[in-house]
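Asks: Okay, so here is entry.cif, and as you'll see once you scroll down, it has mmCIF, C-alpha atoms.
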data_target
loop_
_atom_site.label_atom_id
_atom_site.label_comp_id
_atom_site.auth_asym_id
_atom_site.auth_seq_id
_atom_site.Cartn_x
_atom_site.Cartn_y
_atom_site.Cartn_z
CA MET Z 1 -4.58 -45.76 -21.34
CA LYS Z 2 -1.62 -45.94 -18.99
CA THR Z 3 -0.39 -42.60 -20.30
CA LEU Z 4 -3.75 -41.00 -19.52
CA ARG Z 5 -3.70 -42.48 -16.01
CA LYS Z 6 -0.19 -41.14 -15.40
CA ARG Z 7 -1.23 -37.67 -16.58
CA TYR Z 8 -4.32 -37.82 -14.37
CA ALA Z 9 -2.21 -38.91 -11.40
CA LYS Z 10 0.27 -36.08 -12.01
CA ASP Z 11 -2.58 -33.56 -12.28
CA MET Z 12 -4.10 -34.76 -9.03
CA LEU Z 13 -0.68 -34.66 -7.33
CA MET Z 14 -0.11 -31.07 -8.45
CA MET Z 15 -3.63 -30.12 -7.38
CA GLY Z 16 -2.95 -31.63 -3.97
CA ILE Z 17 0.35 -29.74 -3.64
CA MET Z 18 -1.32 -26.45 -4.60
CA ALA Z 19 -4.22 -27.06 -2.19
CA CYS Z 20 -1.77 -27.80 0.64
CA SER Z 21 0.21 -24.66 -0.19
CA VAL Z 22 -2.91 -22.48 -0.12
CA ALA Z 23 -4.04 -24.11 3.13
CA ALA Z 24 -0.61 -23.49 4.69
CA VAL Z 25 -0.67 -19.80 3.72
CA LEU Z 26 -4.19 -19.35 5.08
CA ALA Z 27 -3.29 -21.22 8.28
CA VAL Z 28 -0.27 -18.96 8.90
CA LEU Z 29 -2.35 -15.85 8.21
CA MET Z 30 -5.17 -16.96 10.54
CA PHE Z 31 -2.68 -17.91 13.26
CA ILE Z 32 -1.02 -14.48 13.15
CA LEU Z 33 -4.35 -12.65 13.15
CA LEU Z 34 -5.84 -14.73 15.98
CA TYR Z 35 -2.65 -14.53 18.04
CA ILE Z 36 -2.61 -10.73 17.83
CA LEU Z 37 -6.34 -10.32 18.44
CA VAL Z 38 -6.48 -12.76 21.37
CA ASN Z 39 -3.52 -11.18 23.16
CA GLY Z 40 -4.74 -7.63 22.57
CA MET Z 41 -8.46 -8.14 23.14
CA GLY Z 42 -8.21 -7.43 26.86
CA THR Z 43 -6.99 -3.87 26.24
CA LEU Z 44 -8.67 -3.18 22.90
CA SER Z 45 -11.69 -0.91 23.28
CA PHE Z 46 -13.22 2.26 21.84
CA ARG Z 47 -11.70 4.24 24.70
CA PHE Z 48 -8.26 2.84 23.86
CA ILE Z 49 -8.65 3.78 20.18
CA PHE Z 50 -10.17 7.22 20.62
CA SER Z 51 -8.27 8.46 23.69
CA SER Z 52 -5.17 10.63 23.68
CA ALA Z 53 -1.72 9.25 24.38
CA ARG Z 54 -1.77 10.96 27.80
CA ASP Z 55 -4.77 8.80 28.72
CA GLY Z 56 -3.19 5.63 27.37
CA GLY Z 57 -4.92 5.76 23.98
CA ILE Z 58 -3.67 5.71 20.41
CA PHE Z 59 -5.96 8.16 18.61
CA PRO Z 60 -3.14 10.63 17.73
CA MET Z 61 -1.20 7.72 16.17
CA VAL Z 62 -4.24 6.65 14.15
CA VAL Z 63 -4.68 10.20 12.84
CA THR Z 64 -0.97 10.50 12.03
CA THR Z 65 -1.07 7.19 10.14
CA LEU Z 66 -4.07 8.37 8.10
CA TYR Z 67 -2.33 11.67 7.32
CA VAL Z 68 0.81 9.84 6.16
CA VAL Z 69 -1.17 7.42 3.98
CA VAL Z 70 -3.20 10.18 2.32
CA THR Z 71 -0.15 12.41 1.78
CA SER Z 72 1.95 9.64 0.25
CA LEU Z 73 -0.86 8.52 -2.07
CA ALA Z 74 -1.58 12.10 -3.11
CA ALA Z 75 2.10 12.49 -4.03
CA ALA Z 76 2.61 9.12 -5.73
CA LEU Z 77 -0.66 8.21 -7.48
CA PRO Z 78 -0.72 10.98 -10.13
CA ILE Z 79 2.95 10.52 -11.02
CA GLY Z 80 2.66 6.72 -11.01
CA ILE Z 81 -0.45 6.65 -13.21
CA ILE Z 82 0.95 9.20 -15.68
CA THR Z 83 4.21 7.23 -15.93
CA ALA Z 84 2.35 3.97 -16.55
CA VAL Z 85 0.20 5.63 -19.23
CA TYR Z 86 3.31 6.94 -20.95
CA LEU Z 87 5.03 3.55 -20.92
CA VAL Z 88 2.00 1.68 -22.28
CA GLU Z 89 0.25 4.19 -24.54
CA TYR Z 90 2.83 6.67 -25.81
CA SER Z 91 6.37 5.37 -25.72
CA ARG Z 92 7.38 3.39 -28.80
CA ASN Z 93 11.13 3.59 -28.19
CA TYR Z 94 12.14 0.20 -26.78
CA ASN Z 95 15.53 1.38 -25.48
CA ARG Z 96 13.98 4.33 -23.67
CA VAL Z 97 11.33 2.10 -22.07
CA LYS Z 98 14.00 -0.41 -21.10
CA TYR Z 99 16.01 2.21 -19.21
CA ILE Z 100 12.91 3.64 -17.54
CA ARG Z 101 11.88 0.19 -16.33
CA LEU Z 102 15.41 -0.45 -15.11
CA ALA Z 103 15.17 2.75 -13.07
CA ILE Z 104 11.78 1.68 -11.68
CA GLU Z 105 13.10 -1.75 -10.69
CA THR Z 106 16.12 -0.12 -9.07
CA LEU Z 107 13.82 2.10 -7.02
CA ALA Z 108 11.88 -0.97 -5.93
CA GLY Z 109 15.05 -2.67 -4.71
CA ILE Z 110 16.46 0.18 -2.63
CA PRO Z 111 16.31 -0.53 1.14
CA SER Z 112 13.77 1.58 2.98
CA ILE Z 113 16.38 3.04 5.34
CA LEU Z 114 18.03 4.74 2.33
CA TYR Z 115 14.70 6.33 1.44
CA GLY Z 116 14.55 7.57 5.01
CA LEU Z 117 18.01 9.11 4.80
CA PHE Z 118 17.12 10.70 1.45
CA GLY Z 119 13.90 12.16 2.86
CA LEU Z 120 15.69 13.40 5.98
CA LEU Z 121 18.29 15.21 3.85
CA ILE Z 122 16.09 16.57 1.04
CA PHE Z 123 12.64 17.17 2.51
CA SER Z 124 13.44 17.69 6.20
CA ARG Z 125 16.67 19.71 5.95
CA ILE Z 126 17.24 21.19 2.49
CA ILE Z 127 13.59 22.07 1.73
CA GLY Z 128 12.97 22.84 5.39
CA PHE Z 129 9.94 20.74 6.32
CA GLY Z 130 11.74 19.32 9.36
CA GLN Z 131 10.38 16.17 10.91
CA SER Z 132 6.80 16.38 9.69
CA ILE Z 133 4.02 14.38 8.11
CA ILE Z 134 4.55 16.00 4.71
CA ALA Z 135 8.25 15.07 4.73
CA GLY Z 136 7.37 11.48 5.56
CA GLY Z 137 4.52 11.40 3.04
CA LEU Z 138 6.73 12.64 0.21
CA THR Z 139 9.46 10.16 1.14
CA LEU Z 140 7.03 7.25 1.23
CA GLY Z 141 5.44 8.54 -1.97
CA ILE Z 142 8.76 8.06 -3.77
CA MET Z 143 9.14 4.63 -2.18
CA ILE Z 144 5.75 3.33 -3.37
CA LEU Z 145 6.10 4.71 -6.92
CA PRO Z 146 7.43 1.40 -8.35
CA VAL Z 147 4.45 -0.53 -6.95
CA ILE Z 148 1.93 1.90 -8.42
CA ILE Z 149 3.68 2.15 -11.80
CA ARG Z 150 4.10 -1.58 -12.36
CA THR Z 151 0.62 -2.54 -11.16
CA THR Z 152 -1.06 0.20 -13.20
CA GLU Z 153 1.04 -0.70 -16.21
CA GLU Z 154 -0.04 -4.34 -16.07
CA SER Z 155 -3.66 -3.24 -15.68
CA LEU Z 156 -3.42 -1.05 -18.79
CA LYS Z 157 -1.92 -3.91 -20.78
CA THR Z 158 -4.93 -6.14 -20.05
CA ILE Z 159 -7.38 -3.72 -21.72
CA PRO Z 160 -8.26 -5.06 -25.21
CA GLN Z 161 -6.76 -3.14 -28.11
CA ALA Z 162 -10.23 -3.16 -29.72
CA PHE Z 163 -11.37 -0.62 -27.10
CA ARG Z 164 -8.73 1.83 -28.27
CA GLU Z 165 -9.32 1.17 -31.95
CA GLY Z 166 -13.09 1.57 -31.60
CA SER Z 167 -12.69 4.88 -29.79
CA LEU Z 168 -10.19 6.23 -32.31
CA ALA Z 169 -12.46 5.15 -35.16
CA LEU Z 170 -15.15 7.46 -33.77
CA GLY Z 171 -12.84 10.44 -34.26
CA THR Z 172 -11.48 10.92 -30.75
CA THR Z 173 -7.88 11.87 -30.06
CA GLN Z 174 -5.45 9.53 -28.34
CA TRP Z 175 -5.69 11.46 -25.07
CA GLN Z 176 -9.51 11.40 -25.16
CA THR Z 177 -9.35 7.64 -25.72
CA ILE Z 178 -7.03 7.22 -22.76
CA TYR Z 179 -9.04 9.53 -20.51
CA ARG Z 180 -12.54 8.27 -21.38
CA VAL Z 181 -11.95 4.62 -22.32
CA VAL Z 182 -8.62 3.24 -21.12
CA LEU Z 183 -8.29 4.73 -17.65
CA PRO Z 184 -11.89 3.97 -16.54
CA SER Z 185 -11.34 0.36 -17.61
CA ALA Z 186 -8.09 0.27 -15.61
CA ILE Z 187 -9.61 1.60 -12.37
CA PRO Z 188 -9.72 -1.85 -10.67
CA GLY Z 189 -5.98 -2.23 -11.31
CA ILE Z 190 -5.29 1.28 -10.04
CA ILE Z 191 -7.23 0.51 -6.87
CA THR Z 192 -5.19 -2.67 -6.45
CA ALA Z 193 -2.03 -0.59 -6.78
CA SER Z 194 -3.36 1.76 -4.10
CA ILE Z 195 -4.04 -1.19 -1.76
CA LEU Z 196 -0.49 -2.50 -2.17
CA ALA Z 197 0.91 0.99 -1.66
CA ILE Z 198 -1.15 1.56 1.51
CA GLY Z 199 0.03 -1.76 2.90
CA ARG Z 200 3.64 -0.78 2.42
CA VAL Z 201 3.17 2.73 3.80
CA VAL Z 202 1.45 1.47 6.95
CA GLY Z 203 4.11 -1.16 7.58
CA GLU Z 204 7.20 1.02 7.13
CA ALA Z 205 9.20 2.09 10.16
CA ALA Z 206 12.68 3.36 9.24
CA PRO Z 207 11.70 6.14 6.78
CA VAL Z 208 8.86 7.23 9.06
CA LEU Z 209 11.09 7.33 12.12
CA LEU Z 210 13.60 9.58 10.35
CA THR Z 211 11.16 11.93 8.60
CA VAL Z 212 7.90 12.00 10.59
CA GLY Z 213 9.34 11.67 14.07
CA ILE Z 214 8.10 10.15 17.32
CA ALA Z 215 5.99 12.96 18.84
CA ARG Z 216 2.81 11.64 20.47
CA ASN Z 217 0.86 14.86 19.98
CA MET Z 218 -2.34 15.15 17.94
CA PRO Z 219 -1.29 16.60 14.56
CA THR Z 220 -3.50 19.38 13.24
CA SER Z 221 -1.74 19.72 9.87
CA ILE Z 222 0.66 17.79 7.66
CA PHE Z 223 3.45 20.22 8.54
CA GLN Z 224 3.63 18.92 12.12
CA SER Z 225 5.49 15.95 13.51
CA GLY Z 226 3.74 12.84 14.76
CA ARG Z 227 3.99 9.14 15.49
CA THR Z 228 2.45 6.45 13.31
CA LEU Z 229 0.98 3.23 14.64
CA THR Z 230 3.99 1.23 13.48
CA ILE Z 231 6.45 3.47 15.33
CA HIS Z 232 4.18 3.54 18.39
CA LEU Z 233 4.02 -0.25 18.35
CA TYR Z 234 7.80 -0.42 18.21
CA TYR Z 235 8.18 1.85 21.24
CA LEU Z 236 5.47 0.03 23.17
CA THR Z 237 7.29 -3.26 22.63
CA LYS Z 238 10.68 -1.73 23.36
CA GLU Z 239 9.53 -0.17 26.63
CA ALA Z 240 7.35 -3.07 27.80
CA VAL Z 241 8.42 -4.47 31.19
CA ASN Z 242 5.28 -6.24 32.45
CA PRO Z 243 2.36 -8.21 30.94
CA ASN Z 244 0.08 -5.15 30.85
CA ASP Z 245 2.57 -3.31 28.62
CA PHE Z 246 2.63 -6.24 26.22
CA GLU Z 247 -1.18 -6.31 26.16
CA THR Z 248 -1.16 -2.63 25.17
CA ALA Z 249 1.34 -3.39 22.41
CA PHE Z 250 -0.81 -6.26 21.12
CA ALA Z 251 -3.89 -4.01 21.22
CA ALA Z 252 -2.07 -1.43 19.08
CA ALA Z 253 -1.01 -4.22 16.70
CA ALA Z 254 -4.64 -5.38 16.50
CA VAL Z 255 -5.75 -1.86 15.55
CA LEU Z 256 -3.05 -1.77 12.87
CA VAL Z 257 -4.20 -5.11 11.45
CA LEU Z 258 -7.85 -4.06 11.54
CA PHE Z 259 -6.94 -0.81 9.80
CA VAL Z 260 -5.32 -2.74 6.93
CA ILE Z 261 -8.29 -5.13 6.72
CA VAL Z 262 -10.81 -2.27 6.60
CA VAL Z 263 -8.83 -0.47 3.88
CA ASN Z 264 -8.58 -3.66 1.81
CA ALA Z 265 -12.27 -4.46 2.23
CA ALA Z 266 -13.35 -0.91 1.34
CA THR Z 267 -11.22 -0.82 -1.79
CA ARG Z 268 -12.47 -4.26 -2.84
CA PHE Z 269 -16.07 -3.05 -2.58
CA ILE Z 270 -15.18 0.01 -4.64
CA THR Z 271 -13.55 -2.21 -7.26
CA ILE Z 272 -16.62 -4.45 -7.45
CA GLY Z 273 -18.84 -1.37 -7.81
CA PHE Z 274 -16.76 -0.05 -10.72
CA LYS Z 275 -16.83 -3.45 -12.43
CA LYS Z 276 -20.61 -3.68 -12.15
CA ARG Z 277 -21.02 -0.13 -13.46
CA MET Z 278 -18.82 -0.87 -16.47
CA GLU Z 279 -20.68 -4.11 -17.24
CA GLN Z 280 -24.01 -2.27 -17.45
#
Will you turn the file into structure tokens for me?
Replies:
Amino acid sequence: MKTLRKRYAKDMLMMGIMACSVAAVLAVLMFILLYILVNGMGTLSFRFIFSSARDGGIFPMVVTTLYVVVTSLAAALPIGIITAVYLVEYSRNYNRVKYIRLAIETLAGIPSILYGLFGLLIFSRIIGFGQSIIAGGLTLGIMILPVIIRTTEESLKTIPQAFREGSLALGTTQWQTIYRVVLPSAIPGIITASILAIGRVVGEAAPVLLTVGIARNMPTSIFQSGRTLTIHLYYLTKEAVNPNDFETAFAAAAVLVLFVIVVNAATRFITIGFKKRMEQ
């Protein structure tokens, strides 16, 4: 009886510790969000979001950020998904997989400034893109590859082997099984990988500063330079000399936070929709 009471007390203690930890994380998150929104609410408006930089707005920066996100995902998602499929479905050589995963983990540990220098040398100078959105998108695409590969790989591993065996038993090829059974089942994990990748792309500064540039113009193509919201926020804070300047910086930070929240919410709804469709 005493042993059961001790186990129950330990369980309750661990539950209390976990509850306090979750509450602390949520409290920090809510404090940061409220602090940014409260300080930027005086400047935040539709005119501020949709006006040009000449009129004190940030619309060119919002467009540049969207361009960079789309370009980097377009470059990284296909390669990341194909690599994850190869590692899970095709490769049976343990040593080969071990070295590939070592390379992926090494990529994940490289500081972002080195990615920026690599992009500046290869994409901006050698290939000739200059400081442009496509140079930044390709650089960030390489940087987010480890996130996409590892998340997609873990998603593929969670799919029951019976799905594959049932499909192969019907006479399909391995590729048809992957394309029609495995990948549709892994879509929620792929969307999660995209969310994590978008979060990193939006928050990066050093690679973007070196490859995309700081121009405040409205980009009309991915071959032009621009300024993302993160870089614009940095310059607003750096150049702020009075309270109004800081309010503008906080308003830009609020837009950046809201952008991330909207992207996360939209992808979550898409994930839920895919899960419901697959359950039917």
Asks: Might you spell out which residues the PyMOL selection byres ((chain Z and resi 222) around 10) would select in the displayed file, as a ChimeraX atom specification?
Replies: /Z:64,67-68,71,129,132-137,212,219-221,223-226
Asks: May I have the residues within 12 Å of Ala53 of chain Z as a PyMOL selection string, using all atoms listed in the file and disregarding those fewer than 5 positions away in the same chain?
Replies: chain Z and resi 47-48+58-63+215-218+226-227+229+232+236+248+252
Asks: For the residues in the current selection, export C-alpha atoms as a PDB file, in the coordinates of the input.
Replies:
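What follows is the written file result_38.pdb:
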ATOM      1  CA  ARG Z  47     -11.700   4.240  24.700  1.00  0.00           C
ATOM      2  CA  PHE Z  48      -8.260   2.840  23.860  1.00  0.00           C
ATOM      3  CA  ILE Z  58      -3.670   5.710  20.410  1.00  0.00           C
ATOM      4  CA  PHE Z  59      -5.960   8.160  18.610  1.00  0.00           C
ATOM      5  CA  PRO Z  60      -3.140  10.630  17.730  1.00  0.00           C
ATOM      6  CA  MET Z  61      -1.200   7.720  16.170  1.00  0.00           C
ATOM      7  CA  VAL Z  62      -4.240   6.650  14.150  1.00  0.00           C
ATOM      8  CA  VAL Z  63      -4.680  10.200  12.840  1.00  0.00           C
ATOM      9  CA  ALA Z 215       5.990  12.960  18.840  1.00  0.00           C
ATOM     10  CA  ARG Z 216       2.810  11.640  20.470  1.00  0.00           C
ATOM     11  CA  ASN Z 217       0.860  14.860  19.980  1.00  0.00           C
ATOM     12  CA  MET Z 218      -2.340  15.150  17.940  1.00  0.00           C
ATOM     13  CA  GLY Z 226       3.740  12.840  14.760  1.00  0.00           C
ATOM     14  CA  ARG Z 227       3.990   9.140  15.490  1.00  0.00           C
ATOM     15  CA  LEU Z 229       0.980   3.230  14.640  1.00  0.00           C
ATOM     16  CA  HIS Z 232       4.180   3.540  18.390  1.00  0.00           C
ATOM     17  CA  LEU Z 236       5.470   0.030  23.170  1.00  0.00           C
ATOM     18  CA  THR Z 248      -1.160  -2.630  25.170  1.00  0.00           C
ATOM     19  CA  ALA Z 252      -2.070  -1.430  19.080  1.00  0.00           C
TER      20      ALA Z 252
END
Asks: Pick from Z:Cys20, Z:Met15, Z:Leu73, Z:Leu44: nearest to Ala251 of chain Z, with all atoms listed in the file counted?
Replies: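 Closest candidate: Z:Leu44.
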Asks: Decode the PyMOL selection byres ((chain Z and resi 100) around 12) for the given file into explicit residues and return them as number ranges by chain.
Replies: Z: 83-84, 86-87, 91, 93-99, 101-107, 146, 149-150
Asks: Can you work out the spacing between atom CA of Val28 of chain Z and atom CA of Lys238 of chain Z in Å, to one decimal?
Replies: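 Separating atom CA of Val28 of chain Z from atom CA of Lys238 of chain Z is a distance of 25.0 Å.
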Asks: Have a look at Z:Leu233, Z:Ala24, Z:Met18, Z:Ile32 and name the one nearest to Phe250 of chain Z; count all atoms listed in the file.
Replies: Z:Leu233
Asks: Measuring atom to atom with all atoms listed in the file, identify which of Z:Ser51, Z:Asn264, Z:Asn39, Z:Gln131 is nearest to Glu247 of chain Z.
Replies: Z:Asn39
Asks: Take the point (5.1, 1.3, -7.0) in the file's coordinates, draw a sphere of radius 10 Å around it, and report as a list in words every protein, DNA or RNA residue with an atom inside or on it, counting all atoms listed in the file.
Replies: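 Within 10 Å of (5.1, 1.3, -7.0), the protein and nucleic acid residues are Ala76, Leu77, Gly80, Ile81, Ile104, Glu105, Leu107, Ala108, Gly141, Ile142, Met143, Ile144, Leu145, Pro146, Val147, Ile148, Ile149, Arg150, Thr151, Thr152, Ala193, Ser194, Leu196, Ala197 and Arg200 of chain Z.
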Asks: Mind dumping the selected residues with C-alpha atoms as an mmCIF file, in the frame of the given file?
Replies:
data_model
loop_
_atom_site.group_PDB
_atom_site.id
_atom_site.type_symbol
_atom_site.label_atom_id
_atom_site.label_comp_id
_atom_site.auth_asym_id
_atom_site.auth_seq_id
_atom_site.Cartn_x
_atom_site.Cartn_y
_atom_site.Cartn_z
ATOM 1 C CA ALA Z 76 2.610 9.120 -5.730
ATOM 2 C CA LEU Z 77 -0.660 8.210 -7.480
ATOM 3 C CA GLY Z 80 2.660 6.720 -11.010
ATOM 4 C CA ILE Z 81 -0.450 6.650 -13.210
ATOM 5 C CA ILE Z 104 11.780 1.680 -11.680
ATOM 6 C CA GLU Z 105 13.100 -1.750 -10.690
ATOM 7 C CA LEU Z 107 13.820 2.100 -7.020
ATOM 8 C CA ALA Z 108 11.880 -0.970 -5.930
ATOM 9 C CA GLY Z 141 5.440 8.540 -1.970
ATOM 10 C CA ILE Z 142 8.760 8.060 -3.770
ATOM 11 C CA MET Z 143 9.140 4.630 -2.180
ATOM 12 C CA ILE Z 144 5.750 3.330 -3.370
ATOM 13 C CA LEU Z 145 6.100 4.710 -6.920
ATOM 14 C CA PRO Z 146 7.430 1.400 -8.350
ATOM 15 C CA VAL Z 147 4.450 -0.530 -6.950
ATOM 16 C CA ILE Z 148 1.930 1.900 -8.420
ATOM 17 C CA ILE Z 149 3.680 2.150 -11.800
ATOM 18 C CA ARG Z 150 4.100 -1.580 -12.360
ATOM 19 C CA THR Z 151 0.620 -2.540 -11.160
ATOM 20 C CA THR Z 152 -1.060 0.200 -13.200
ATOM 21 C CA ALA Z 193 -2.030 -0.590 -6.780
ATOM 22 C CA SER Z 194 -3.360 1.760 -4.100
ATOM 23 C CA LEU Z 196 -0.490 -2.500 -2.170
ATOM 24 C CA ALA Z 197 0.910 0.990 -1.660
ATOM 25 C CA ARG Z 200 3.640 -0.780 2.420
#
Asks: Taking 6 positions as the minimum chain separation for residues in the same chain, which residues sit within 9 Å of Leu183 of chain Z when counting all atoms listed in the file? Answer as a VMD selection string.
Replies: chain Z and resid 85 156 177 190
Asks: Report, in Å with one decimal, the straight-line distance from atom CA of Tyr90 of chain Z to atom CA of Leu138 of chain Z.
Replies: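 Separating atom CA of Tyr90 of chain Z from atom CA of Leu138 of chain Z is a distance of 27.0 Å.
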Asks: Could you please determine the separation between atom CA of Phe31 of chain Z and atom CA of Gly203 of chain Z in Å, to one decimal place?
Replies: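 Interatomic distance here is 18.9 Å.
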Asks: Which residue is closest to Ala186 of chain Z? Choose from Z:Gly130, Z:Pro160, Z:Gly116, Z:Pro78 and count all atoms listed in the file.
Replies: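 Of all the options, Z:Pro160 lies closest to Ala186 of chain Z.
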Asks: So, with only C-alpha atoms as the atoms that count, which of Z:Ser72, Z:Thr192, Z:Thr43, Z:Thr65 lies closest to Glu154 of chain Z?
Replies: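 Smallest distance to Glu154 of chain Z is found for Z:Thr192.
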Asks: Restricting the calculation to only C-alpha atoms: of Z:Leu37, Z:Ile110, Z:Ile187, Z:Met30, which residue gets closest to Ile272 of chain Z?
Replies: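 For Ile272 of chain Z, the nearest of the given residues is Z:Ile187.
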Asks: Name the residues captured by the PyMOL selection byres ((chain Z and resi 207) around 9) when it is applied to the shown file; answer as a list of chain:residue names.
Replies: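 Selected by the PyMOL selection byres ((chain Z and resi 207) around 9) in this file: Z:Ser112, Z:Ile113, Z:Leu114, Z:Tyr115, Z:Gly116, Z:Leu117, Z:Phe118, Z:Gly119, Z:Leu120, Z:Gly136, Z:Thr139, Z:Leu140, Z:Glu204, Z:Ala205, Z:Ala206, Z:Val208, Z:Leu209, Z:Leu210, Z:Thr211, Z:Val212.
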Asks: Would you give the centre and edge lengths, in Å to one decimal, of a box along x, y and z around the listed atoms of segment 170-183 of chain Z, with 5 Å added to each side, as JSON?
Replies:
{"center_x": -10.3, "center_y": 7.6, "center_z": -26.0, "size_x": 19.7, "size_y": 18.6, "size_z": 26.6}
